[in-house]
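Chemist: What follows is a structure written as structure tokens; I'll ask about it next.
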Amino acid sequence: MTHWQSLLQFDQEHIWHPYAKMPADTPAIGVAKTQGSIITLSDGKELVDGMSSWWAALHGYNHPAIQKAMIDQIETMPHIMFGGLTHEPAIELAKRLIKLTPPPLQKVFFTDSGSVAMEVAIKMAIQYWISLEQPQKNKLLALKNGYHGDTFATMSICDPDNGMHRLFNSTLPQHFFAPAPQKGFDIDSDNQDIAEFKTLLEKHHTEIAAVTLEPIVQGAGGMRFYRPDYLRQVRELCDEFNVLLIADEIATGFGRTGKLFACDWANISPDIMALGKTLTGGNITLAATLATEKISDTISQGQPGLLMHGPTFMANPLACRAASSNIDVLLASPWQENIQRIESHFLNTFHSLKSLPGVADTRVLGAIGVIELERNDLGETIQHLAVQNGVWIRPFGKLIYTMPAYNIPADQLKQLTEGLKTAITQALQR
Ligand SMILES: *Cc1c(COP(=O)(O)O)cnc(C)c1O
């Protein structure tokens with residue numbers, strides 16, 4: 001047995017992967033190294049990365065400026081507790097986040113993962129109403145087809161049908177669900193979805209602390225895009241019915257949809273915003289929850305007067321430094337042109353798939369390309385064929401999707417779409 005064969009065997013027998021069996025039916029693919037948009041496997045084969053490690057690696061892997069900042073931070077101070085102490089990396093990052101996000105968002109809470117950033121967002125919203133002596137406002141209004149994480153509070157606002165509600169029903173808190181927004185970014189809508197959303201708020205606003213949603217792009221709950229006008233109307237209704245708005249920008253934040261934040265499409269500001277995934281450019285785990293001064297003041301003036309959260313690795317300096325560097329690299333790059341370039345390339349190349357028997361829909365927004373199949377059992381086959389064609393993707397169910405690094409070179413972008421198209425065509429012909 002070679003060195004890698006024995007490693008992969010150990011992995012298969014002892015290490016859980018996301019949403020996986022133990023031991024796994026098939027071994028995971030070993031990765032030896034990364035560079036830019038290229039993933040080099042243990043056998044030396046090179047794959048063009050179509051996933052950006054689940055939205056995160058905005059500038060590809062091993063970006064020299066981010067690496068340099070991280071190495072410098074490792075030598076100075078990789079970690080220090082945040083209780084009673086502070087440091088420049090956290091302050092520098094908070095300054096950037098406050099400057100870039102909509103103006104009312106002024107207060108920053110750092111955590112380690114997207115799910116926890118959403119947990120903190122939910123906790124802030126509920127504590128806000130407790131502080132106003134309205135503890136009965138402790139429910140959330142979420143959207144069907146949403147995804148907000150895998151922890152218990154976030155599971156309870158994921159899609160009630162394709163999420164984990166059935167499995168954990170006895171332990172999950174019960175919240176309200178509005179129909180998913182009508183599919184389509186550029187549609188003329190009859191606003192039936194908003195009408196149903198409004199009916200729920202009218203009926204239940206005295207029990208609702210906050211609306212939670214992913215602005216414009218519903219990610220893992222269906223890869224669905226919806227119109228900015230829906231988001232604008234949700235903001236108005238939240239104000240009308242005195243309910244907070246929590247925007248989960250964990251996947252969409254930092255440019256993916258073509259705007260810096262997806263909320264910018266509707267020119268709205270949420271009361272609370274969660275950032276994660278993309279924050280460090282995929283280099284190390286970090287998340288943040290931003291809130292308005294009104295929320296922080298209310299919580300601080302209520303009982304017990306403290307925001308009741310404080311993770312051990314809060315505001316880890318190494319991660320904060322990576323995040324600031326990631327943001328600086330993004331803003332110094334022609335990211336809008338890059339995203340437009342990827343968007344037009346996806347529109348041109350995926351269009352021809354639409355007429356293939358077995359393809360239900362293709363859709364593109366910013367640097368996100370989605371091919372929705374009619375069958376939901378071809379994902380693994382397509383992933384396998386894509387790897388044979390030199391491409392890394394990770395379909396789920398009937399959704400084959402890709403969100404490459406913004407700076408993916410043109411030849412690799414072409415390789416990615418060609419490999420993907422070939423894999424889908426081959427799988428559908430079987
Ligand atoms: C991935 C994701 C999360 C959860 O983030 P984790 O870092 O996996 O905990 C939450 N919301 C959205 C929109 C996501 O895409």
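By convention here, the chains of the structure tokens are called A, B, ... in the order presented, each chain's residues are numbered starting at 1, and ligands are numbered starting at 1 in the order presented.
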Using only C-alpha atoms and all ligand atoms, what does the table of chain A residues within 9 Å of ligand 1 look like, with each row giving the shortest atom pair and its distance in Å to one decimal, sorted by chain and ascending number, as a tab-separated table?
Modeler:
```
residue	atom	partner	partner_atom_place_in_ligand_line	distance
A:Trp54	CA	ligand 1	1 (C)	7.4
A:Trp55	CA	ligand 1	15 (O)	7.8
A:Asp112	CA	ligand 1	7 (O)	7.7
A:Ser113	CA	ligand 1	7 (O)	4.1
A:Gly114	CA	ligand 1	5 (O)	3.3
A:Ser115	CA	ligand 1	9 (O)	3.5
A:Val116	CA	ligand 1	9 (O)	6.3
A:Ala117	CA	ligand 1	9 (O)	7.9
A:Met118	CA	ligand 1	10 (C)	6.9
A:Gly146	CA	ligand 1	13 (C)	7.7
A:Tyr147	CA	ligand 1	13 (C)	5.6
A:His148	CA	ligand 1	11 (N)	3.6
A:Gly149	CA	ligand 1	4 (C)	3.9
A:Asp150	CA	ligand 1	9 (O)	6.4
A:Thr151	CA	ligand 1	9 (O)	7.7
A:Thr154	CA	ligand 1	10 (C)	7.9
A:Leu213	CA	ligand 1	13 (C)	8.4
A:Glu214	CA	ligand 1	13 (C)	5.8
A:Pro215	CA	ligand 1	13 (C)	8.9
A:Val217	CA	ligand 1	13 (C)	8.4
A:Gln218	CA	ligand 1	13 (C)	7.0
A:Gly219	CA	ligand 1	15 (O)	5.7
A:Ala220	CA	ligand 1	15 (O)	6.2
A:Gly221	CA	ligand 1	13 (C)	8.8
A:Asp248	CA	ligand 1	13 (C)	5.6
A:Glu249	CA	ligand 1	13 (C)	6.1
A:Ile250	CA	ligand 1	12 (C)	4.9
A:Ala251	CA	ligand 1	15 (O)	4.4
A:Thr252	CA	ligand 1	13 (C)	7.4
A:Ala274	CA	ligand 1	11 (N)	8.0
A:Leu275	CA	ligand 1	11 (N)	8.4
A:Gly276	CA	ligand 1	7 (O)	6.1
A:Lys277	CA	ligand 1	7 (O)	5.7
A:Thr285	CA	ligand 1	7 (O)	7.6
A:Leu286	CA	ligand 1	7 (O)	8.1
A:Ala287	CA	ligand 1	7 (O)	7.5
```
Chemist: Got a sec: who's within 12 Å of A:Pro173, counting only C-alpha atoms, leaving out chain neighbours fewer than 4 positions off, as a ChimeraX atom specification?
Modeler: /A:138-140,152-158,160,165,168-169
Chemist: Report the residues of stretch 75-245 of chain A whose backbone DSSP state falls under alpha helix (DSSP H), written as a ChimeraX atom specification.
Modeler: /A:75-76,88-100,114-131,152-155,165-168,192-204,228-240
Chemist: Go ahead and dump the residues you just picked, C-alpha atoms, as an mmCIF file, in the first residue's frame.
Modeler:
```cif
data_model
loop_
_atom_site.group_PDB
_atom_site.id
_atom_site.type_symbol
_atom_site.label_atom_id
_atom_site.label_comp_id
_atom_site.auth_asym_id
_atom_site.auth_seq_id
_atom_site.Cartn_x
_atom_site.Cartn_y
_atom_site.Cartn_z
ATOM 1 C CA GLU A 75 5.188 35.554 14.209
ATOM 2 C CA THR A 76 3.725 38.461 16.222
ATOM 3 C CA GLU A 88 -4.993 45.845 16.264
ATOM 4 C CA PRO A 89 -6.132 43.008 13.941
ATOM 5 C CA ALA A 90 -9.658 43.057 15.468
ATOM 6 C CA ILE A 91 -9.847 46.863 15.429
ATOM 7 C CA GLU A 92 -8.542 47.149 11.864
ATOM 8 C CA LEU A 93 -11.042 44.553 10.654
ATOM 9 C CA ALA A 94 -13.989 46.112 12.504
ATOM 10 C CA LYS A 95 -13.144 49.488 10.921
ATOM 11 C CA ARG A 96 -13.251 47.940 7.468
ATOM 12 C CA LEU A 97 -16.531 46.095 8.108
ATOM 13 C CA ILE A 98 -18.254 49.214 9.464
ATOM 14 C CA LYS A 99 -17.058 51.253 6.511
ATOM 15 C CA LEU A 100 -18.126 48.748 3.850
ATOM 16 C CA GLY A 114 -21.194 31.199 9.973
ATOM 17 C CA SER A 115 -23.642 29.146 12.018
ATOM 18 C CA VAL A 116 -22.439 30.821 15.200
ATOM 19 C CA ALA A 117 -22.634 34.280 13.597
ATOM 20 C CA MET A 118 -26.316 33.512 12.914
ATOM 21 C CA GLU A 119 -26.787 32.159 16.454
ATOM 22 C CA VAL A 120 -25.463 35.480 17.754
ATOM 23 C CA ALA A 121 -27.727 37.399 15.348
ATOM 24 C CA ILE A 122 -30.761 35.491 16.675
ATOM 25 C CA LYS A 123 -29.632 35.983 20.254
ATOM 26 C CA MET A 124 -29.215 39.741 19.686
ATOM 27 C CA ALA A 125 -32.708 40.006 18.219
ATOM 28 C CA ILE A 126 -34.357 38.073 21.047
ATOM 29 C CA GLN A 127 -32.361 39.873 23.729
ATOM 30 C CA TYR A 128 -33.320 43.202 22.118
ATOM 31 C CA TRP A 129 -37.023 42.503 22.733
ATOM 32 C CA ILE A 130 -36.341 41.126 26.234
ATOM 33 C CA SER A 131 -34.584 44.422 26.971
ATOM 34 C CA PHE A 152 -29.813 24.000 16.615
ATOM 35 C CA ALA A 153 -31.087 27.568 16.402
ATOM 36 C CA THR A 154 -30.036 27.849 12.757
ATOM 37 C CA MET A 155 -31.481 24.435 11.847
ATOM 38 C CA HIS A 165 -36.737 19.576 10.863
ATOM 39 C CA ARG A 166 -38.253 16.118 10.578
ATOM 40 C CA LEU A 167 -35.241 14.446 12.153
ATOM 41 C CA PHE A 168 -34.871 16.858 15.071
ATOM 42 C CA GLN A 192 -48.120 37.019 -4.343
ATOM 43 C CA ASP A 193 -45.081 35.943 -2.281
ATOM 44 C CA ILE A 194 -44.919 39.330 -0.548
ATOM 45 C CA ALA A 195 -48.662 39.282 0.051
ATOM 46 C CA GLU A 196 -48.335 35.967 1.917
ATOM 47 C CA PHE A 197 -45.315 37.269 3.808
ATOM 48 C CA LYS A 198 -47.339 40.322 4.853
ATOM 49 C CA THR A 199 -50.274 38.177 6.010
ATOM 50 C CA LEU A 200 -47.951 36.225 8.323
ATOM 51 C CA LEU A 201 -46.510 39.424 9.785
ATOM 52 C CA GLU A 202 -49.960 40.940 10.248
ATOM 53 C CA LYS A 203 -51.131 37.872 12.108
ATOM 54 C CA HIS A 204 -48.081 37.139 14.236
ATOM 55 C CA PRO A 228 -34.347 42.965 -5.182
ATOM 56 C CA ASP A 229 -37.857 44.431 -4.976
ATOM 57 C CA TYR A 230 -38.925 41.539 -2.717
ATOM 58 C CA LEU A 231 -36.115 42.409 -0.317
ATOM 59 C CA ARG A 232 -37.028 46.107 -0.430
ATOM 60 C CA GLN A 233 -40.637 45.303 0.452
ATOM 61 C CA VAL A 234 -39.579 42.955 3.266
ATOM 62 C CA ARG A 235 -37.571 45.822 4.760
ATOM 63 C CA GLU A 236 -40.611 48.119 4.612
ATOM 64 C CA LEU A 237 -42.882 45.513 6.175
ATOM 65 C CA CYS A 238 -40.411 44.845 8.994
ATOM 66 C CA ASP A 239 -40.481 48.571 9.798
ATOM 67 C CA GLU A 240 -44.264 48.723 9.528
#
```
Chemist: When you look at A:Ile216 with a cut-off of 8 Å (counting only C-alpha atoms), what residues show up, excluding the ones that are within fewer than 3 positions of it in the same chain? I need them as a PyMOL selection string.
Modeler: chain A and resi 185+225-228+231+262-263+265
Chemist: Could you take the residues named above and write them with N, CA and C atoms, as a short mmCIF file (atom, residue, chain, number, x, y, z; two decimals), in the first residue's frame?
Modeler:
```cif
data_model
loop_
_atom_site.label_atom_id
_atom_site.label_comp_id
_atom_site.auth_asym_id
_atom_site.auth_seq_id
_atom_site.Cartn_x
_atom_site.Cartn_y
_atom_site.Cartn_z
N PHE A 185 -34.33 36.67 -10.61
CA PHE A 185 -33.76 37.96 -10.23
C PHE A 185 -34.42 39.09 -11.01
N PHE A 225 -32.36 32.44 -6.93
CA PHE A 225 -32.16 33.89 -6.94
C PHE A 225 -33.53 34.55 -6.92
N TYR A 226 -33.65 35.67 -6.23
CA TYR A 226 -34.93 36.39 -6.25
C TYR A 226 -34.72 37.89 -6.41
N ARG A 227 -35.81 38.59 -6.70
CA ARG A 227 -35.73 39.99 -7.13
C ARG A 227 -35.43 40.94 -5.97
N PRO A 228 -34.64 41.97 -6.22
CA PRO A 228 -34.35 42.96 -5.18
C PRO A 228 -35.61 43.62 -4.62
N LEU A 231 -36.91 42.05 -1.50
CA LEU A 231 -36.11 42.41 -0.32
C LEU A 231 -36.47 43.81 0.17
N ALA A 262 -25.26 41.63 -1.00
CA ALA A 262 -26.49 41.41 -1.77
C ALA A 262 -27.57 42.41 -1.38
N CYS A 263 -27.55 42.88 -0.12
CA CYS A 263 -28.51 43.91 0.31
C CYS A 263 -28.40 45.17 -0.54
N TRP A 265 -28.32 45.44 -3.66
CA TRP A 265 -29.21 45.39 -4.82
C TRP A 265 -30.52 46.11 -4.53
#
```
Chemist: Quick one: which stretch 248-294 of chain A residues come within 12 Å of stretch 328-349 of chain A, and what is the nearest atom pair for each with the distance in Å to one decimal, counting only C-alpha atoms, rows ordered by chain and ascending number, as CSV?
Modeler:
```
residue,atom,partner,partner_atom,distance
A:Gly253,CA,A:Leu330,CA,11.7
A:Phe254,CA,A:Leu330,CA,8.0
A:Gly255,CA,A:Trp335,CA,7.4
A:Arg256,CA,A:Ile339,CA,7.4
A:Thr257,CA,A:Ile339,CA,7.9
A:Gly258,CA,A:Ile339,CA,6.1
A:Lys259,CA,A:Gln336,CA,7.7
A:Leu260,CA,A:Gln336,CA,8.9
A:Thr278,CA,A:Leu330,CA,10.9
A:Leu279,CA,A:Leu330,CA,10.7
A:Thr280,CA,A:Val329,CA,10.7
A:Gly281,CA,A:Leu330,CA,9.0
```
Chemist: Skipping near chain neighbours, those fewer than 2 positions away, what residues fall within 9 Å of A:Ala69 using only C-alpha atoms, listed as an NGL selection string?
Modeler: :A and (64-67 or 71-74 or 318 or 321-322 or 325)
Chemist: Only C-alpha atoms, please: the residues just picked out, written as an mmCIF file, in the first residue's frame.
Modeler:
```
data_model
loop_
_atom_site.group_PDB
_atom_site.id
_atom_site.type_symbol
_atom_site.label_atom_id
_atom_site.label_comp_id
_atom_site.auth_asym_id
_atom_site.auth_seq_id
_atom_site.Cartn_x
_atom_site.Cartn_y
_atom_site.Cartn_z
ATOM 1 C CA PRO A 64 0.664 35.944 -1.675
ATOM 2 C CA ALA A 65 -0.505 39.155 0.072
ATOM 3 C CA ILE A 66 -2.881 37.314 2.421
ATOM 4 C CA GLN A 67 -0.238 34.666 3.104
ATOM 5 C CA ILE A 71 2.782 34.744 8.380
ATOM 6 C CA ASP A 72 3.563 38.129 9.932
ATOM 7 C CA GLN A 73 0.677 37.703 12.379
ATOM 8 C CA ILE A 74 1.774 34.168 13.324
ATOM 9 C CA LEU A 318 -4.608 35.546 12.920
ATOM 10 C CA ARG A 321 -5.533 39.766 10.012
ATOM 11 C CA ALA A 322 -6.357 37.352 7.166
ATOM 12 C CA SER A 325 -5.914 41.421 4.022
#
```
Chemist: Excluding stretch 243-247 of chain A and its own-chain neighbours fewer than 4 positions away, which residues fall within 6 Å of it when counting only C-alpha atoms? Please give them as a PyMOL selection string.
Modeler: chain A and resi 209-214+238+270-273
Chemist: Using only C-alpha atoms, which residues sit within 12 Å of A:Gln303 once same-chain residues fewer than 2 positions away are excluded, as a PyMOL selection string?
Modeler: chain A and resi 127-133+135+297-301+305-308
Chemist: Would you mind listing what lies within 12 Å of A:Gly397 as a list in words, with only C-alpha atoms counted and same-chain residues fewer than 6 positions away left out?
Modeler: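 So, after excluding close chain neighbours, the residues are Asn162, Ala220, Gly221, Gly222, Met223, Ile371, Glu372, Leu373, Glu374, Arg375, Asn376, Asp377, Leu378, Gly379, Glu380, Thr381, Ile382 and Gln383 of chain A.
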Chemist: For the selection just defined, write its residues with N, CA and C atoms to a file, as a PDB file, in the first residue's frame.
Modeler:
```
ATOM      1  N   ASN A 162     -36.683  20.538   3.244  1.00  0.00           N
ATOM      2  CA  ASN A 162     -35.406  19.925   2.868  1.00  0.00           C
ATOM      3  C   ASN A 162     -34.323  20.128   3.933  1.00  0.00           C
ATOM      4  N   ALA A 220     -27.614  27.060   0.019  1.00  0.00           N
ATOM      5  CA  ALA A 220     -27.707  25.612   0.173  1.00  0.00           C
ATOM      6  C   ALA A 220     -29.147  25.085   0.234  1.00  0.00           C
ATOM      7  N   GLY A 221     -30.128  25.949   0.438  1.00  0.00           N
ATOM      8  CA  GLY A 221     -31.525  25.500   0.463  1.00  0.00           C
ATOM      9  C   GLY A 221     -32.179  25.484  -0.907  1.00  0.00           C
ATOM     10  N   GLY A 222     -31.401  25.621  -1.983  1.00  0.00           N
ATOM     11  CA  GLY A 222     -32.003  25.519  -3.314  1.00  0.00           C
ATOM     12  C   GLY A 222     -31.316  26.306  -4.420  1.00  0.00           C
ATOM     13  N   MET A 223     -30.286  27.085  -4.095  1.00  0.00           N
ATOM     14  CA  MET A 223     -29.589  27.899  -5.105  1.00  0.00           C
ATOM     15  C   MET A 223     -30.605  28.674  -5.956  1.00  0.00           C
ATOM     16  N   ILE A 371     -26.983  24.799 -12.611  1.00  0.00           N
ATOM     17  CA  ILE A 371     -27.697  23.958 -13.563  1.00  0.00           C
ATOM     18  C   ILE A 371     -28.570  23.029 -12.728  1.00  0.00           C
ATOM     19  N   GLU A 372     -29.877  23.185 -12.891  1.00  0.00           N
ATOM     20  CA  GLU A 372     -30.795  22.344 -12.110  1.00  0.00           C
ATOM     21  C   GLU A 372     -31.293  21.216 -12.992  1.00  0.00           C
ATOM     22  N   LEU A 373     -31.096  19.987 -12.527  1.00  0.00           N
ATOM     23  CA  LEU A 373     -31.527  18.826 -13.300  1.00  0.00           C
ATOM     24  C   LEU A 373     -32.932  18.397 -12.873  1.00  0.00           C
ATOM     25  N   GLU A 374     -33.545  17.527 -13.677  1.00  0.00           N
ATOM     26  CA  GLU A 374     -34.847  17.004 -13.276  1.00  0.00           C
ATOM     27  C   GLU A 374     -34.689  15.900 -12.230  1.00  0.00           C
ATOM     28  N   ARG A 375     -33.641  15.086 -12.405  1.00  0.00           N
ATOM     29  CA  ARG A 375     -33.406  13.995 -11.443  1.00  0.00           C
ATOM     30  C   ARG A 375     -32.483  14.464 -10.343  1.00  0.00           C
ATOM     31  N   ASN A 376     -32.650  13.885  -9.145  1.00  0.00           N
ATOM     32  CA  ASN A 376     -31.777  14.312  -8.045  1.00  0.00           C
ATOM     33  C   ASN A 376     -30.763  13.237  -7.653  1.00  0.00           C
ATOM     34  N   ASP A 377     -30.614  12.217  -8.504  1.00  0.00           N
ATOM     35  CA  ASP A 377     -29.720  11.113  -8.132  1.00  0.00           C
ATOM     36  C   ASP A 377     -28.462  11.063  -9.005  1.00  0.00           C
ATOM     37  N   LEU A 378     -28.166  12.142  -9.724  1.00  0.00           N
ATOM     38  CA  LEU A 378     -27.020  12.105 -10.634  1.00  0.00           C
ATOM     39  C   LEU A 378     -25.803  12.857 -10.092  1.00  0.00           C
ATOM     40  N   GLY A 379     -25.974  13.504  -8.920  1.00  0.00           N
ATOM     41  CA  GLY A 379     -24.912  14.364  -8.379  1.00  0.00           C
ATOM     42  C   GLY A 379     -23.569  13.671  -8.270  1.00  0.00           C
ATOM     43  N   GLU A 380     -23.583  12.484  -7.678  1.00  0.00           N
ATOM     44  CA  GLU A 380     -22.314  11.788  -7.455  1.00  0.00           C
ATOM     45  C   GLU A 380     -21.652  11.397  -8.773  1.00  0.00           C
ATOM     46  N   THR A 381     -22.481  10.923  -9.717  1.00  0.00           N
ATOM     47  CA  THR A 381     -21.959  10.555 -11.042  1.00  0.00           C
ATOM     48  C   THR A 381     -21.337  11.776 -11.715  1.00  0.00           C
ATOM     49  N   ILE A 382     -22.039  12.907 -11.616  1.00  0.00           N
ATOM     50  CA  ILE A 382     -21.542  14.108 -12.279  1.00  0.00           C
ATOM     51  C   ILE A 382     -20.253  14.589 -11.622  1.00  0.00           C
ATOM     52  N   GLN A 383     -20.201  14.506 -10.310  1.00  0.00           N
ATOM     53  CA  GLN A 383     -18.962  14.898  -9.623  1.00  0.00           C
ATOM     54  C   GLN A 383     -17.801  14.015 -10.096  1.00  0.00           C
TER      55      GLN A 383
END
```
Chemist: Among stretch 293-394 of chain A, which ones does DSSP place in strand (DSSP E), written as a ChimeraX atom specification?
Modeler: /A:359-365,368-373,391-392
Chemist: For a test of reading the model, state the distance in Å between atom CA of A:Phe110 and atom CA of A:Ser269, rounded to one decimal.
Modeler: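 Rounded to one decimal, the two atoms are 19.5 Å apart.
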